[in-house]
Amino acid sequence: MPKISPELLSVLRCPVTGSALLQEGEELVTTAAGASGEKLRYAIEDGIPLLLPPELLPAAAVAPAFQHDAGRPAAG
């Protein structure tokens, strides 16, 4: 399980509630509850926190990879 550094955690905030985040296993969890009354959870993939509001996760999952890599130079 990749551990997020304390320095990074001290500056990260939930994009929905604005609250601080704590690492619980493979997720970051808000310290304040969201509108639903529950704490929000964000996945950590390859050591990178995915801080997208829950309503945007489906759109990010289906976006073509070339959209994510538009700013990178072509390999080769």
# chains A, B, ... in the order shown; residues from 1 in each chain; ligands from 1
>>> residues_around(residues="Ser10 (chain A)", least_positions_apart="3", cutoff="9 Å", atoms="only C-alpha atoms", output="VMD selection string")
chain A and resid 5 to 7 13 20 to 21
>>> residues_around(residues="Glu24 (chain A)", least_positions_apart="5", cutoff="12 Å", atoms="only C-alpha atoms", output="count of residues only")
12
>>> select_by_dssp(residues="chain A", states="helix (DSSP H, G or I)", output="list in words")
Pro6, Glu7, Leu8, Leu9, Ser10, Val11, Pro54, Glu55, Leu56, Leu57, Pro58, Ala59, Ala60, Ala61, Val62, Ala65, Phe66, Gln67 and His68 of chain A
>>> write_last_selection(atoms="N, CA, C and O atoms", output="PDB file, in the first residue's frame")
ATOM      1  N   PRO A   6       3.139  12.755   4.778  1.00  0.00           N
ATOM      2  CA  PRO A   6       2.455  13.708   5.659  1.00  0.00           C
ATOM      3  C   PRO A   6       2.464  15.128   5.094  1.00  0.00           C
ATOM      4  O   PRO A   6       1.500  15.878   5.281  1.00  0.00           O
ATOM      5  N   GLU A   7       3.530  15.496   4.383  1.00  0.00           N
ATOM      6  CA  GLU A   7       3.605  16.838   3.793  1.00  0.00           C
ATOM      7  C   GLU A   7       2.518  17.038   2.744  1.00  0.00           C
ATOM      8  O   GLU A   7       1.879  18.078   2.685  1.00  0.00           O
ATOM      9  N   LEU A   8       2.319  16.025   1.894  1.00  0.00           N
ATOM     10  CA  LEU A   8       1.281  16.116   0.869  1.00  0.00           C
ATOM     11  C   LEU A   8      -0.100  16.117   1.510  1.00  0.00           C
ATOM     12  O   LEU A   8      -0.963  16.924   1.146  1.00  0.00           O
ATOM     13  N   LEU A   9      -0.319  15.234   2.469  1.00  0.00           N
ATOM     14  CA  LEU A   9      -1.619  15.195   3.139  1.00  0.00           C
ATOM     15  C   LEU A   9      -1.953  16.515   3.819  1.00  0.00           C
ATOM     16  O   LEU A   9      -3.117  16.898   3.900  1.00  0.00           O
ATOM     17  N   SER A  10      -0.939  17.237   4.281  1.00  0.00           N
ATOM     18  CA  SER A  10      -1.209  18.498   4.983  1.00  0.00           C
ATOM     19  C   SER A  10      -1.744  19.577   4.048  1.00  0.00           C
ATOM     20  O   SER A  10      -2.383  20.517   4.516  1.00  0.00           O
ATOM     21  N   VAL A  11      -1.526  19.447   2.735  1.00  0.00           N
ATOM     22  CA  VAL A  11      -2.018  20.459   1.805  1.00  0.00           C
ATOM     23  C   VAL A  11      -3.213  19.994   0.976  1.00  0.00           C
ATOM     24  O   VAL A  11      -3.916  20.820   0.401  1.00  0.00           O
ATOM     25  N   PRO A  54     -17.312  12.702  -6.758  1.00  0.00           N
ATOM     26  CA  PRO A  54     -17.932  11.429  -7.169  1.00  0.00           C
ATOM     27  C   PRO A  54     -18.728  11.509  -8.462  1.00  0.00           C
ATOM     28  O   PRO A  54     -18.725  10.574  -9.252  1.00  0.00           O
ATOM     29  N   GLU A  55     -19.388  12.634  -8.719  1.00  0.00           N
ATOM     30  CA  GLU A  55     -20.204  12.739  -9.930  1.00  0.00           C
ATOM     31  C   GLU A  55     -19.366  12.815 -11.206  1.00  0.00           C
ATOM     32  O   GLU A  55     -19.862  12.582 -12.301  1.00  0.00           O
ATOM     33  N   LEU A  56     -18.065  13.094 -11.108  1.00  0.00           N
ATOM     34  CA  LEU A  56     -17.203  13.162 -12.286  1.00  0.00           C
ATOM     35  C   LEU A  56     -16.435  11.876 -12.558  1.00  0.00           C
ATOM     36  O   LEU A  56     -15.839  11.728 -13.622  1.00  0.00           O
ATOM     37  N   LEU A  57     -16.432  10.933 -11.638  1.00  0.00           N
ATOM     38  CA  LEU A  57     -15.682   9.689 -11.823  1.00  0.00           C
ATOM     39  C   LEU A  57     -16.108   8.904 -13.061  1.00  0.00           C
ATOM     40  O   LEU A  57     -15.254   8.441 -13.811  1.00  0.00           O
ATOM     41  N   PRO A  58     -17.422   8.744 -13.344  1.00  0.00           N
ATOM     42  CA  PRO A  58     -17.788   7.993 -14.550  1.00  0.00           C
ATOM     43  C   PRO A  58     -17.260   8.645 -15.829  1.00  0.00           C
ATOM     44  O   PRO A  58     -16.794   7.961 -16.731  1.00  0.00           O
ATOM     45  N   ALA A  59     -17.293   9.966 -15.917  1.00  0.00           N
ATOM     46  CA  ALA A  59     -16.807  10.657 -17.115  1.00  0.00           C
ATOM     47  C   ALA A  59     -15.296  10.475 -17.268  1.00  0.00           C
ATOM     48  O   ALA A  59     -14.789  10.304 -18.373  1.00  0.00           O
ATOM     49  N   ALA A  60     -14.567  10.514 -16.174  1.00  0.00           N
ATOM     50  CA  ALA A  60     -13.117  10.339 -16.233  1.00  0.00           C
ATOM     51  C   ALA A  60     -12.753   8.928 -16.652  1.00  0.00           C
ATOM     52  O   ALA A  60     -11.772   8.717 -17.357  1.00  0.00           O
ATOM     53  N   ALA A  61     -13.554   7.951 -16.246  1.00  0.00           N
ATOM     54  CA  ALA A  61     -13.261   6.554 -16.560  1.00  0.00           C
ATOM     55  C   ALA A  61     -13.434   6.254 -18.047  1.00  0.00           C
ATOM     56  O   ALA A  61     -12.739   5.402 -18.586  1.00  0.00           O
ATOM     57  N   VAL A  62     -14.340   6.957 -18.719  1.00  0.00           N
ATOM     58  CA  VAL A  62     -14.597   6.662 -20.133  1.00  0.00           C
ATOM     59  C   VAL A  62     -13.873   7.609 -21.078  1.00  0.00           C
ATOM     60  O   VAL A  62     -13.907   7.416 -22.287  1.00  0.00           O
ATOM     61  N   ALA A  65      -7.715   7.939 -23.507  1.00  0.00           N
ATOM     62  CA  ALA A  65      -6.404   8.195 -22.913  1.00  0.00           C
ATOM     63  C   ALA A  65      -5.705   9.378 -23.563  1.00  0.00           C
ATOM     64  O   ALA A  65      -4.981  10.114 -22.892  1.00  0.00           O
ATOM     65  N   PHE A  66      -5.923   9.619 -24.861  1.00  0.00           N
ATOM     66  CA  PHE A  66      -5.222  10.723 -25.516  1.00  0.00           C
ATOM     67  C   PHE A  66      -5.622  12.065 -24.924  1.00  0.00           C
ATOM     68  O   PHE A  66      -4.864  13.017 -24.967  1.00  0.00           O
ATOM     69  N   GLN A  67      -6.808  12.159 -24.332  1.00  0.00           N
ATOM     70  CA  GLN A  67      -7.219  13.416 -23.695  1.00  0.00           C
ATOM     71  C   GLN A  67      -6.398  13.676 -22.443  1.00  0.00           C
ATOM     72  O   GLN A  67      -6.110  14.812 -22.116  1.00  0.00           O
ATOM     73  N   HIS A  68      -6.004  12.643 -21.748  1.00  0.00           N
ATOM     74  CA  HIS A  68      -5.221  12.791 -20.532  1.00  0.00           C
ATOM     75  C   HIS A  68      -3.782  13.129 -20.837  1.00  0.00           C
ATOM     76  O   HIS A  68      -3.098  13.728 -20.021  1.00  0.00           O
TER      77      HIS A  68
END
>>> atom_distance(atom1="CA of Gly34 (chain A)", atom2="CA of Leu12 (chain A)")
16.3 Å
>>> decode(residues="region 22-42 of chain A", atoms="N, CA and C atoms", output="compact mmCIF listing (two decimals), in the first residue's frame")
# COMPACT_ATOMS: atom_id res chain seq x y z
N LEU A 22 -7.60 12.13 5.34
CA LEU A 22 -6.80 11.15 6.08
C LEU A 22 -6.69 9.91 5.21
N GLN A 23 -5.54 9.23 5.27
CA GLN A 23 -5.39 8.00 4.51
C GLN A 23 -5.89 6.83 5.32
N GLU A 24 -6.76 6.04 4.70
CA GLU A 24 -7.25 4.78 5.26
C GLU A 24 -7.03 3.71 4.20
N GLY A 25 -5.98 2.95 4.34
CA GLY A 25 -5.68 1.92 3.35
C GLY A 25 -5.37 2.52 2.00
N GLU A 26 -6.13 2.11 0.98
CA GLU A 26 -5.92 2.58 -0.40
C GLU A 26 -6.82 3.76 -0.75
N GLU A 27 -7.33 4.46 0.27
CA GLU A 27 -8.22 5.59 0.03
C GLU A 27 -7.86 6.77 0.91
N LEU A 28 -8.27 7.95 0.46
CA LEU A 28 -8.25 9.14 1.29
C LEU A 28 -9.68 9.41 1.71
N VAL A 29 -9.88 9.75 2.97
CA VAL A 29 -11.21 9.94 3.53
C VAL A 29 -11.30 11.35 4.09
N THR A 30 -12.42 12.02 3.84
CA THR A 30 -12.61 13.37 4.34
C THR A 30 -12.78 13.37 5.86
N THR A 31 -12.39 14.49 6.47
CA THR A 31 -12.59 14.63 7.91
C THR A 31 -13.96 15.22 8.22
N ALA A 32 -14.64 15.75 7.21
CA ALA A 32 -15.99 16.29 7.37
C ALA A 32 -16.92 15.54 6.42
N ALA A 33 -18.16 15.41 6.84
CA ALA A 33 -19.15 14.71 6.02
C ALA A 33 -19.60 15.58 4.86
N GLY A 34 -19.98 14.94 3.78
CA GLY A 34 -20.52 15.64 2.61
C GLY A 34 -22.00 15.90 2.79
N ALA A 35 -22.67 16.34 1.73
CA ALA A 35 -24.09 16.68 1.77
C ALA A 35 -24.95 15.47 2.15
N SER A 36 -24.48 14.27 1.83
CA SER A 36 -25.25 13.06 2.13
C SER A 36 -25.13 12.65 3.60
N GLY A 37 -24.25 13.33 4.33
CA GLY A 37 -24.04 12.99 5.73
C GLY A 37 -22.93 11.98 5.94
N GLU A 38 -22.36 11.47 4.85
CA GLU A 38 -21.28 10.49 4.96
C GLU A 38 -19.96 11.12 4.54
N LYS A 39 -18.88 10.58 5.06
CA LYS A 39 -17.55 11.04 4.66
C LYS A 39 -17.26 10.55 3.25
N LEU A 40 -16.65 11.40 2.45
CA LEU A 40 -16.32 11.04 1.07
C LEU A 40 -15.00 10.29 1.02
N ARG A 41 -14.87 9.41 0.04
CA ARG A 41 -13.66 8.59 -0.11
C ARG A 41 -13.12 8.76 -1.51
N TYR A 42 -11.79 8.85 -1.59
CA TYR A 42 -11.10 9.01 -2.87
C TYR A 42 -10.04 7.93 -2.99
